[in-house]
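Student: Got model03.cif for you, mmCIF, C-alpha atoms and all ligand atoms:
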```cif
data_run
#
loop_
_atom_site.label_atom_id
_atom_site.label_comp_id
_atom_site.auth_asym_id
_atom_site.auth_seq_id
_atom_site.Cartn_x
_atom_site.Cartn_y
_atom_site.Cartn_z
CA MET A 192 63.85 163.89 148.40
CA ALA A 193 66.80 161.47 148.35
CA GLN A 194 65.44 159.71 151.40
CA SER A 195 62.13 159.20 149.66
CA GLY A 196 63.98 157.40 146.85
CA ILE A 197 64.34 160.17 144.27
CA MET A 198 67.51 159.80 142.21
CA LYS A 199 70.43 162.16 142.48
CA ASP A 200 69.99 163.60 138.96
CA ASP A 201 66.30 164.27 139.53
CA VAL A 202 66.97 165.96 142.84
CA GLN A 203 69.53 168.14 141.13
CA ALA A 204 67.20 168.99 138.26
CA ALA A 205 64.44 169.98 140.67
CA THR A 206 66.48 171.84 143.29
CA ASP A 207 69.90 172.62 141.85
CA HIS A 208 71.42 170.81 144.81
CA VAL A 209 73.91 167.99 144.38
CA ILE A 210 73.51 164.97 146.64
CA GLY A 211 77.03 164.21 147.78
CA LEU A 212 76.32 160.87 149.39
CA HIS A 213 73.18 158.94 150.06
CA ASP A 214 72.76 155.65 151.93
CA VAL A 215 76.50 155.13 152.27
CA SER A 216 77.43 152.79 155.07
CA PHE A 217 80.67 150.93 155.63
CA SER A 218 83.17 150.18 158.35
CA VAL A 219 86.92 149.99 157.98
CA GLU A 220 88.77 147.52 160.16
CA ASP A 221 91.95 148.28 162.06
CA GLY A 222 94.96 147.61 159.82
CA GLU A 223 92.89 147.14 156.68
CA ILE A 224 93.33 148.72 153.26
CA PHE A 225 89.78 149.68 152.38
CA VAL A 226 89.32 150.97 148.86
CA ILE A 227 86.53 153.18 147.60
CA MET A 228 86.23 152.85 143.85
CA GLY A 229 83.93 154.48 141.35
CA LEU A 230 83.88 156.68 138.29
CA SER A 231 84.70 160.34 138.52
CA GLY A 232 81.84 162.15 140.24
CA SER A 233 80.58 159.09 142.08
CA GLY A 234 81.25 160.64 145.49
CA LYS A 235 84.56 159.08 146.51
CA SER A 236 86.28 162.28 147.55
CA THR A 237 83.15 163.44 149.30
CA ALA A 238 83.11 160.18 151.25
CA ILE A 239 86.74 160.33 152.35
CA ARG A 240 86.34 163.97 153.33
CA THR A 241 83.59 163.15 155.75
CA VAL A 242 86.09 161.06 157.71
CA ASN A 243 88.27 164.00 158.73
CA ARG A 244 85.27 166.30 158.51
CA LEU A 245 86.46 168.38 155.63
CA HIS A 246 82.80 167.93 154.77
CA ASP A 247 80.01 168.10 157.33
CA ILE A 248 77.22 165.65 156.84
CA THR A 249 73.53 166.43 157.15
CA ALA A 250 72.43 162.93 158.15
CA GLY A 251 74.09 159.86 159.61
CA THR A 252 77.25 159.48 161.67
CA VAL A 253 80.97 159.12 161.08
CA VAL A 254 82.78 157.41 163.94
CA VAL A 255 86.56 157.18 164.02
CA ASP A 256 88.06 155.07 166.78
CA GLY A 257 85.00 155.65 168.97
CA THR A 258 84.79 159.39 168.31
CA ASP A 259 81.72 160.76 166.55
CA VAL A 260 83.47 163.39 164.44
CA ALA A 261 80.38 165.61 164.32
CA THR A 262 80.67 166.25 168.06
CA LEU A 263 84.16 167.78 167.88
CA ASN A 264 84.52 171.51 168.35
CA LYS A 265 87.00 173.50 166.30
CA ARG A 266 89.97 172.92 168.56
CA GLU A 267 89.19 169.24 169.08
CA LEU A 268 88.79 168.80 165.36
CA GLU A 269 92.22 170.29 164.67
CA HIS A 270 93.73 168.05 167.28
CA PHE A 271 91.86 165.03 165.91
CA ARG A 272 93.08 165.61 162.36
CA ARG A 273 96.63 166.07 163.52
CA GLU A 274 96.76 163.10 165.86
CA LYS A 275 94.70 160.57 163.99
CA MET A 276 95.18 160.70 160.27
CA GLY A 277 97.37 161.77 157.41
CA MET A 278 96.21 162.49 153.92
CA VAL A 279 97.90 161.87 150.56
CA PHE A 280 96.50 163.77 147.60
CA GLN A 281 96.41 163.16 143.87
CA HIS A 282 98.37 166.23 142.96
CA PHE A 283 101.08 165.87 145.56
CA ALA A 284 100.49 169.31 147.07
CA LEU A 285 104.17 169.89 147.82
CA PHE A 286 105.64 173.30 148.59
CA PRO A 287 107.70 174.19 145.49
CA HIS A 288 110.15 176.42 147.34
CA ARG A 289 110.95 173.92 150.10
CA THR A 290 113.35 171.00 149.84
CA VAL A 291 112.10 167.45 149.89
CA VAL A 292 113.08 166.92 153.51
CA ASP A 293 111.44 170.17 154.57
CA ASN A 294 108.28 169.22 152.74
CA VAL A 295 108.20 165.90 154.53
CA ALA A 296 108.94 167.48 157.90
CA TYR A 297 106.46 170.30 157.46
CA GLY A 298 103.58 168.67 159.27
CA LEU A 299 105.87 167.82 162.18
CA LYS A 300 107.02 171.41 162.32
CA VAL A 301 103.44 172.61 162.51
CA ASN A 302 102.90 170.08 165.29
CA GLY A 303 105.75 171.61 167.24
CA VAL A 304 108.25 168.75 166.91
CA ALA A 305 111.81 169.99 167.54
CA THR A 306 114.11 170.57 164.54
CA ASP A 307 116.42 167.59 165.04
CA ALA A 308 113.63 165.16 165.76
CA ARG A 309 111.55 166.21 162.80
CA ARG A 310 114.50 166.02 160.45
CA ARG A 311 115.33 162.55 161.66
CA ARG A 312 111.74 161.39 161.25
CA ALA A 313 111.49 162.98 157.81
CA LEU A 314 114.65 161.19 156.70
CA GLU A 315 113.32 157.90 158.04
CA ALA A 316 110.11 158.40 156.09
CA LEU A 317 112.09 159.24 152.95
CA GLU A 318 114.07 156.07 153.41
CA LEU A 319 110.81 154.12 153.56
CA VAL A 320 109.84 155.41 150.14
CA GLY A 321 113.36 155.09 148.72
CA LEU A 322 114.12 158.80 148.34
CA GLU A 323 116.65 159.46 151.08
CA ARG A 324 119.28 160.49 148.52
CA PHE A 325 117.04 163.28 147.23
CA TYR A 326 116.33 164.92 150.56
CA LEU A 327 117.87 168.23 149.52
CA SER A 328 116.22 168.33 146.07
CA PHE A 329 113.32 170.58 145.25
CA PRO A 330 110.02 169.11 144.04
CA ARG A 331 110.53 170.44 140.52
CA GLU A 332 113.69 168.37 140.25
CA LEU A 333 111.74 165.15 140.78
CA SER A 334 109.55 163.09 138.47
CA GLY A 335 105.82 162.73 139.16
CA GLY A 336 106.32 159.34 140.76
CA MET A 337 109.04 160.69 143.03
CA GLN A 338 106.94 163.67 144.02
CA GLN A 339 104.12 161.33 144.97
CA ARG A 340 106.58 159.37 147.07
CA VAL A 341 107.42 162.59 148.87
CA GLY A 342 103.71 163.12 149.47
CA LEU A 343 103.49 159.62 150.89
CA ALA A 344 106.60 160.16 153.02
CA ARG A 345 105.06 163.34 154.42
CA ALA A 346 102.02 161.38 155.54
CA LEU A 347 104.18 158.56 156.92
CA ALA A 348 106.51 160.91 158.83
CA ALA A 349 103.68 161.93 161.11
CA ASP A 350 103.29 158.25 162.04
CA LEU A 351 99.52 158.36 162.41
CA ASP A 352 97.30 155.31 162.56
CA ILE A 353 95.10 156.22 159.64
CA LEU A 354 96.07 157.16 156.10
CA LEU A 355 93.58 158.74 153.74
CA MET A 356 94.73 158.42 150.14
CA ASP A 357 92.57 160.19 147.57
CA GLU A 358 93.56 159.05 144.07
CA ALA A 359 97.13 159.19 145.32
CA PHE A 360 98.46 157.14 142.40
CA SER A 361 96.01 158.23 139.72
CA ALA A 362 98.21 160.89 138.15
CA LEU A 363 101.11 158.50 137.64
CA ASP A 364 102.12 156.55 134.55
CA PRO A 365 100.86 152.95 134.57
CA LEU A 366 104.26 151.40 135.24
CA ILE A 367 105.19 153.78 138.05
CA ARG A 368 101.73 153.36 139.39
CA ARG A 369 102.03 149.62 139.63
CA GLN A 370 105.40 150.07 141.30
CA MET A 371 103.86 152.41 143.87
CA GLN A 372 101.07 149.92 144.52
CA ASP A 373 103.62 147.18 145.10
CA GLU A 374 105.64 149.38 147.41
CA LEU A 375 102.61 150.40 149.41
CA LEU A 376 101.60 146.77 149.81
CA ALA A 377 105.13 145.74 150.76
CA MET A 378 105.42 148.56 153.32
CA GLN A 379 102.00 147.81 154.74
CA GLY A 380 102.81 144.10 155.00
CA GLU A 381 106.21 144.57 156.58
CA MET A 382 105.78 147.33 159.10
CA LEU A 383 103.15 149.94 158.51
CA HIS A 384 100.00 148.10 159.53
CA LYS A 385 98.09 151.33 159.10
CA THR A 386 94.41 151.61 158.53
CA ILE A 387 94.23 152.93 155.00
CA LEU A 388 91.26 154.40 153.21
CA PHE A 389 92.35 154.37 149.59
CA ILE A 390 90.44 155.97 146.75
CA THR A 391 90.76 155.19 143.08
CA HIS A 392 88.71 155.22 139.89
CA ASP A 393 90.59 152.19 138.58
CA LEU A 394 89.18 148.79 139.47
CA ASN A 395 92.45 147.05 138.66
CA GLU A 396 94.14 149.20 141.23
CA ALA A 397 91.29 148.75 143.70
CA LEU A 398 91.37 144.99 143.49
CA ARG A 399 95.12 144.92 143.66
CA VAL A 400 95.64 146.99 146.80
CA GLY A 401 92.36 146.51 148.63
CA ASP A 402 91.62 144.04 151.39
CA ARG A 403 88.05 145.05 150.71
CA VAL A 404 86.60 147.28 148.05
CA CYS A 405 83.53 149.51 148.17
CA ILE A 406 82.16 150.38 144.75
CA MET A 407 80.21 153.64 144.51
CA LYS A 408 77.96 155.13 141.88
CA ASP A 409 76.05 158.39 142.00
CA GLY A 410 76.82 158.98 145.67
CA ALA A 411 75.62 155.54 146.76
CA VAL A 412 77.29 152.22 147.54
CA VAL A 413 76.80 149.58 144.87
CA GLN A 414 78.82 146.75 146.37
CA ILE A 415 81.27 146.06 149.18
CA GLY A 416 83.40 142.94 149.15
CA THR A 417 86.81 141.36 148.94
CA PRO A 418 88.46 141.58 145.50
CA GLU A 419 87.59 137.97 144.92
CA GLU A 420 83.94 138.45 145.87
CA ILE A 421 83.66 141.36 143.49
CA LEU A 422 85.26 139.45 140.64
CA ARG A 423 83.20 136.33 141.19
CA ASP A 424 79.95 137.93 142.09
CA PRO A 425 79.50 141.45 140.70
CA ALA A 426 76.33 142.90 142.23
CA THR A 427 75.13 144.94 139.26
CA ALA A 428 75.75 145.55 135.59
CA TYR A 429 77.78 148.60 136.57
CA VAL A 430 80.21 146.43 138.54
CA ALA A 431 80.17 143.70 135.91
CA GLU A 432 81.22 146.16 133.24
CA PHE A 433 84.27 147.08 135.28
CA VAL A 434 85.04 143.47 136.07
CA LYS A 435 85.23 142.63 132.38
CA ASP A 436 88.19 144.95 132.04
CA VAL A 437 90.04 143.65 135.05
CA ASP A 438 93.28 141.80 134.68
CA GLN A 439 92.08 138.82 136.69
CA GLY A 440 95.47 137.18 136.76
CA ARG A 441 96.85 139.98 138.87
CA VAL A 442 93.95 140.03 141.30
CA LEU A 443 93.36 136.36 141.91
CA GLN A 444 95.93 134.24 143.66
CA VAL A 445 97.10 130.76 142.85
CA GLU A 446 95.15 129.60 145.88
CA SER A 447 91.87 130.26 144.09
CA VAL A 448 92.49 127.65 141.38
CA MET A 449 94.65 125.09 143.11
CA THR A 450 93.15 121.71 143.88
CA PRO A 451 94.16 119.03 146.40
CA PRO A 452 97.22 117.25 144.99
CA SER A 453 96.52 113.55 145.83
CA PRO A 454 100.18 112.70 145.20
CA PHE A 455 101.93 109.34 145.04
CA THR A 456 104.74 108.55 147.43
CA LEU A 457 107.99 107.21 146.03
CA GLY A 458 107.97 103.45 145.85
CA THR A 459 104.38 103.31 144.61
CA THR A 460 104.38 100.92 141.67
CA VAL A 461 103.20 101.86 138.21
CA GLY A 462 100.41 99.32 138.57
CA GLU A 463 99.15 100.97 141.76
CA ALA A 464 99.49 104.43 140.22
CA ILE A 465 97.42 103.54 137.14
CA ALA A 466 94.68 102.16 139.33
CA ALA A 467 94.62 105.28 141.49
CA LEU A 468 95.08 107.98 138.87
CA SER A 469 92.23 110.43 138.59
CA GLU A 470 90.54 110.93 135.25
CA ARG A 471 92.76 113.96 134.72
CA GLY A 472 95.47 111.45 134.19
CA SER A 473 98.42 112.99 135.98
CA ALA A 474 99.72 113.31 139.50
CA PHE A 475 102.70 114.46 141.52
CA CYS A 476 105.13 112.15 143.23
CA ILE A 477 106.44 113.35 146.59
CA ASP A 478 109.47 112.41 148.66
CA ASP A 479 109.53 111.58 152.39
CA GLU A 480 109.35 115.27 153.29
CA GLY A 481 106.28 115.80 151.14
CA ARG A 482 108.19 117.73 148.48
CA PRO A 483 107.20 117.25 144.86
CA VAL A 484 109.92 115.46 142.88
CA GLY A 485 108.17 114.48 139.66
CA VAL A 486 104.97 114.10 137.68
CA VAL A 487 103.48 110.93 136.26
CA THR A 488 100.94 110.87 133.44
CA ARG A 489 99.03 107.95 131.93
CA ASP A 490 101.46 107.98 129.02
CA LEU A 491 104.50 107.70 131.25
CA LEU A 492 102.85 104.92 133.17
CA ALA A 493 102.72 102.71 130.11
CA ALA A 494 105.77 100.94 131.56
CA SER A 495 106.04 97.68 133.45
CA HIS A 496 103.48 97.47 136.26
CA GLN A 497 106.10 96.45 138.80
CA ALA A 498 108.34 99.49 138.28
CA PRO A 499 108.27 102.21 140.96
CA VAL A 500 106.87 105.59 139.87
CA GLU A 501 110.26 107.29 140.29
CA SER A 502 111.65 105.26 137.42
CA VAL A 503 109.19 106.78 134.94
CA MET A 504 108.24 110.18 136.37
CA ASN A 505 109.02 113.45 134.61
CA THR A 506 111.16 115.56 136.92
CA GLU A 507 110.52 118.85 135.14
CA PHE A 508 107.54 120.84 136.34
CA GLY A 509 106.66 124.35 137.44
CA VAL A 510 106.53 125.36 141.09
CA THR A 511 104.64 128.25 142.67
CA THR A 512 103.10 129.24 146.00
CA ARG A 513 99.50 129.75 147.09
CA SER A 514 99.78 133.51 147.44
CA ALA A 515 101.42 134.14 144.06
CA PRO A 516 99.30 136.07 141.55
CA LEU A 517 97.62 133.80 139.06
CA VAL A 518 99.48 135.49 136.23
CA ASP A 519 102.65 133.78 137.49
CA ALA A 520 101.03 130.42 136.89
CA TYR A 521 100.07 131.15 133.27
CA GLU A 522 103.55 130.64 131.95
CA LEU A 523 104.18 127.61 134.12
CA CYS A 524 100.96 126.08 132.84
CA ALA A 525 101.81 126.79 129.24
CA SER A 526 104.01 123.71 129.10
CA GLY A 527 100.81 121.73 129.59
CA ASP A 528 101.66 119.69 132.64
CA LEU A 529 100.87 120.18 136.26
CA VAL A 530 102.16 123.05 138.35
CA ALA A 531 103.06 122.29 141.95
CA VAL A 532 101.93 124.63 144.73
CA VAL A 533 104.31 124.32 147.66
CA ASP A 534 104.33 125.74 151.18
CA ASP A 535 107.23 127.63 152.72
CA LYS A 536 109.01 124.35 153.50
CA GLY A 537 108.71 123.22 149.90
CA ALA A 538 106.06 120.58 150.66
CA LEU A 539 103.33 120.01 148.09
CA GLU A 540 100.02 121.52 149.16
CA GLY A 541 98.17 121.82 145.91
CA ARG A 542 98.32 121.53 142.16
CA ILE A 543 97.16 123.55 139.22
CA HIS A 544 96.18 122.13 135.91
CA ALA A 545 96.08 124.43 132.88
CA LEU A 546 92.45 123.48 132.30
CA ASP A 547 91.43 124.57 135.81
CA LEU A 548 93.07 127.89 135.24
CA LEU A 549 91.29 128.56 131.97
CA ALA A 550 87.99 127.37 133.39
CA GLU A 551 88.35 129.77 136.28
CA LEU A 552 89.04 132.79 134.09
CA GLY A 553 86.25 131.82 131.71
CA GLU A 554 83.80 131.49 134.58
CA ILE A 555 84.48 135.02 135.80
CA GLU A 556 83.98 136.43 132.30
CA SER A 557 80.72 134.63 131.75
CA LYS A 558 79.44 135.54 135.22
CA ALA A 559 80.09 139.19 134.43
CA GLU A 560 78.23 138.82 131.13
CA GLN A 561 75.28 137.17 132.88
CA VAL A 562 75.00 139.90 135.46
CA LYS A 563 75.06 142.52 132.74
CA ALA A 564 72.44 140.73 130.68
CA ALA A 565 70.16 140.23 133.69
CA ASP A 566 70.25 143.84 134.86
CA PRO A 567 67.36 145.80 133.42
CA SER A 568 69.18 149.09 133.96
CA VAL A 569 72.07 148.02 131.77
CA GLY A 570 71.04 150.25 128.92
CA GLU A 571 71.16 153.30 131.08
CA ALA A 572 74.16 152.34 133.23
CA ARG A 573 76.27 155.41 132.74
CA LEU A 574 79.74 154.20 132.08
N1 LIG B 601 81.97 171.74 146.31
C1 LIG B 601 81.01 171.15 145.61
N2 LIG B 601 79.85 171.77 145.32
C2 LIG B 601 78.89 171.15 144.63
N3 LIG B 601 78.98 169.92 144.17
C3 LIG B 601 80.12 169.24 144.40
C4 LIG B 601 81.20 169.80 145.13
N4 LIG B 601 82.19 168.90 145.19
C5 LIG B 601 81.74 167.81 144.55
N5 LIG B 601 80.50 168.00 144.07
C6 LIG B 601 79.69 167.04 143.36
O1 LIG B 601 79.56 165.91 144.19
C7 LIG B 601 79.61 164.74 143.43
C8 LIG B 601 80.68 163.85 143.92
O2 LIG B 601 81.92 164.48 143.73
P1 LIG B 601 83.26 163.84 144.26
O3 LIG B 601 83.08 163.33 145.64
O4 LIG B 601 84.33 164.84 144.04
O5 LIG B 601 83.44 162.61 143.26
P2 LIG B 601 84.70 161.69 142.96
O6 LIG B 601 85.75 161.97 143.99
O7 LIG B 601 84.16 160.31 143.03
O8 LIG B 601 85.15 162.03 141.59
C9 LIG B 601 79.77 165.16 141.97
O9 LIG B 601 78.51 165.14 141.38
C10 LIG B 601 80.32 166.56 142.09
O10 LIG B 601 79.93 167.32 140.98
MG MG B 602 87.72 162.63 143.75
#
```
Go ahead and render the structure in this file as structure tokens.

Tutor:
Amino acid sequence: MAQSGIMKDDVQAATDHVIGLHDVSFSVEDGEIFVIMGLSGSGKSTAIRTVNRLHDITAGTVVVDGTDVATLNKRELEHFRREKMGMVFQHFALFPHRTVVDNVAYGLKVNGVATDARRRRALEALELVGLERFYLSFPRELSGGMQQRVGLARALAADLDILLMDEAFSALDPLIRRQMQDELLAMQGEMLHKTILFITHDLNEALRVGDRVCIMKDGAVVQIGTPEEILRDPATAYVAEFVKDVDQGRVLQVESVMTPPSPFTLGTTVGEAIAALSERGSAFCIDDEGRPVGVVTRDLLAASHQAPVESVMNTEFGVTTRSAPLVDAYELCASGDLVAVVDDKGALEGRIHALDLLAELGEIESKAEQVKAADPSVGEARL
């Protein structure tokens, strides 16, 4: 029935069977954080569970690293789960009567790793998540955030290539949650380089941690894209509704609003600067190394035409980098002048003007509104 286009609810009404997934197709690249996002009941857990075959599928294929998981027999499947991927759950799933270090080492013990080795690896994993001092504590002595760190450490201790994280941060308070997201990203950037399939019902979280995000609804894929693609180009009213609630400043990076700087070099005269100034009416001045040293505006240039720009430029301005979240630029822009975007050597590579920033945010809002207005199913989009 699903294959002939009948909707999930109708199939259920007619047959009492729930369609777990239908027409779901995506690939996850090596070393990528791929996020599956959708409301509760949209099929996220079902999807992730097909990857380690906690669920069997009735059509289609799931291939992990060249292995079609459906072809594995019982013993191969056990081996595959143990050798290939670790899972982090929403509700920690720690043993209450075991210490933190024993919880973390448990999987290694099951895998037959010797006592000393598994203790060492468990302690290393605890160090990664900042909990080495608590290794002898019991789960009940830790906060929710700390318990989730233990859950993460347990998955990391096994040192497997793939991490499956099903709403791993969803039970945490917003602040702790953001902290965990930052830590995961920092770990992944510095040394983990794991392939992570990350599930969440929170689009803010999805866009923050995901290299790419797959949005699901009613067991089907609605859109797959980079965070920026999803923000700029929501595929349906369902996605647009989520996008409206997203804190864009934390998803987008400075890069997305910066423009070429067209700076003046020191020694340029005021006369030359006035002639060359764009209609925006301000520009950076750079030194011999390309580093921004000041800003000139039309007002400042009202001096003698022969004077060099450095004699009139304003030397106070904000500085950021291309990969900084846009929210960092808000405050810098508040003073009204230009913000310099510099590379790791401090050389000017772009500029942000407050107006560009506002225009950008406004554009995303209005795009989301348009998509919602244009979608005939908007009235029935179940949100
Ligand atoms: N064991 C099950 N038996 C029947 N239906 C299930 C079972 N598990 C999940 N479902 C149904 O499958 C759909 C997707 O569930 P799930 O994958 O858990 O969603 P999510 O993780 O996105 O909240 C829901 O409609 C849910 O009711
Ligand atoms: Mg779920």

Student: Output the neighbourhood of ligand LIG 601 (chain B) as an MDAnalysis selection string, that is, all protein and nucleic acid residues with some atom at most 12 Å from the ligand, counting all atoms listed in the file.

Tutor: chainID A and resid 199:200 202:203 207:213 227:241 245:247 280:281 356:359 361 389:393 405:412

Student: Which of these residues is nearest to Val226 of chain A, using all atoms listed in the file: A:Pro425, A:Gly458, A:Gly416, A:Pro452?

Tutor: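 Nearest candidate to Val226 of chain A out of A:Pro425, A:Gly458, A:Gly416, A:Pro452: A:Gly416.
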
Student: Just checking: using all atoms listed in the file, which residue out of A:Lys275, A:Arg309, A:His288, A:Arg399 ends up closest to Gln444 of chain A?

Tutor: A:Arg399

Student: Could you work out how far atom CA of Val295 of chain A lies from atom CA of Leu355 of chain A, giving the answer in Å with one decimal?

Tutor: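 These atoms are spaced 16.3 Å apart.
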
Student: Using all atoms listed in the file, pick whichever of A:Glu323, A:Asp201, A:Asp547, A:Asp528 has the shortest atom-to-atom distance to Gly472 of chain A.

Tutor: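 Going through A:Glu323, A:Asp201, A:Asp547, A:Asp528 one by one, the smallest distance to Gly472 of chain A is for A:Asp528.
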
Student: Write out as a list in words which residues come within 12 Å of Asp256 of chain A when counting only C-alpha atoms, dropping same-chain ones fewer than 5 positions away.

Tutor: Ser218, Val219, Glu220, Asp221, Val242, Phe271, Glu274, Lys275, Met276, Asp352, Ile353 and Thr386 of chain A

Student: Around the point (102.4, 161.1, 138.3) in the file's coordinates, collect all residues with an atom within 6 Å, using only C-alpha atoms, and return them as a PyMOL selection string.

Tutor: chain A and resi 335-336+362-364

Student: List the neighbours of Ala531 of chain A out to 10 Å using all atoms listed in the file; skip same-chain residues closer than 2 positions along the sequence, and give me the result as a list of chain:residue names.

Tutor: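 Listed by chain and then number, they are A:Met449, A:Pro452, A:Ala474, A:Phe475, A:Arg482, A:Pro483, A:Val484, A:Gly485, A:Val486, A:Phe508, A:Gly509, A:Val510, A:Thr511, A:Thr512, A:Arg513, A:Ala520, A:Leu523, A:Asp528, A:Leu529, A:Val533, A:Asp534, A:Gly537, A:Ala538, A:Leu539, A:Glu540, A:Gly541, A:Arg542, A:Ile543, A:His544.
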
Student: Please determine, counting all atoms listed in the file, which residue among A:Ser216, A:Asn294, A:Ser514, A:Ser473 has the shortest atom-to-atom distance to Arg489 of chain A.

Tutor: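 For Arg489 of chain A, the nearest of the given residues is A:Ser473.
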
Student: Would you compute the distance between atom CA of Leu457 of chain A and atom CA of Ala545 of chain A? Give it in Å to one decimal.

Tutor: 24.7 Å

Student: Name the closest residue to Arg310 of chain A among the candidates A:Leu333, A:Ala550, A:Leu285, A:Ala349; distances are taken between atoms, counting all atoms listed in the file.

Tutor: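 Looking only at the distances to Arg310 of chain A, the closest residue turns out to be A:Ala349.
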
Student: Which one of A:Gly481, A:Lys558, A:Phe360, A:Thr290 sits closest to Glu420 of chain A if you count only C-alpha atoms?

Tutor: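 Under the stated criterion, the closest residue is A:Lys558.
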
Student: How many Å separate atom CA of Leu343 of chain A from atom CA of Asp402 of chain A?

Tutor: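 Result for atom CA of Leu343 of chain A versus atom CA of Asp402 of chain A: 19.6 Å, one decimal.
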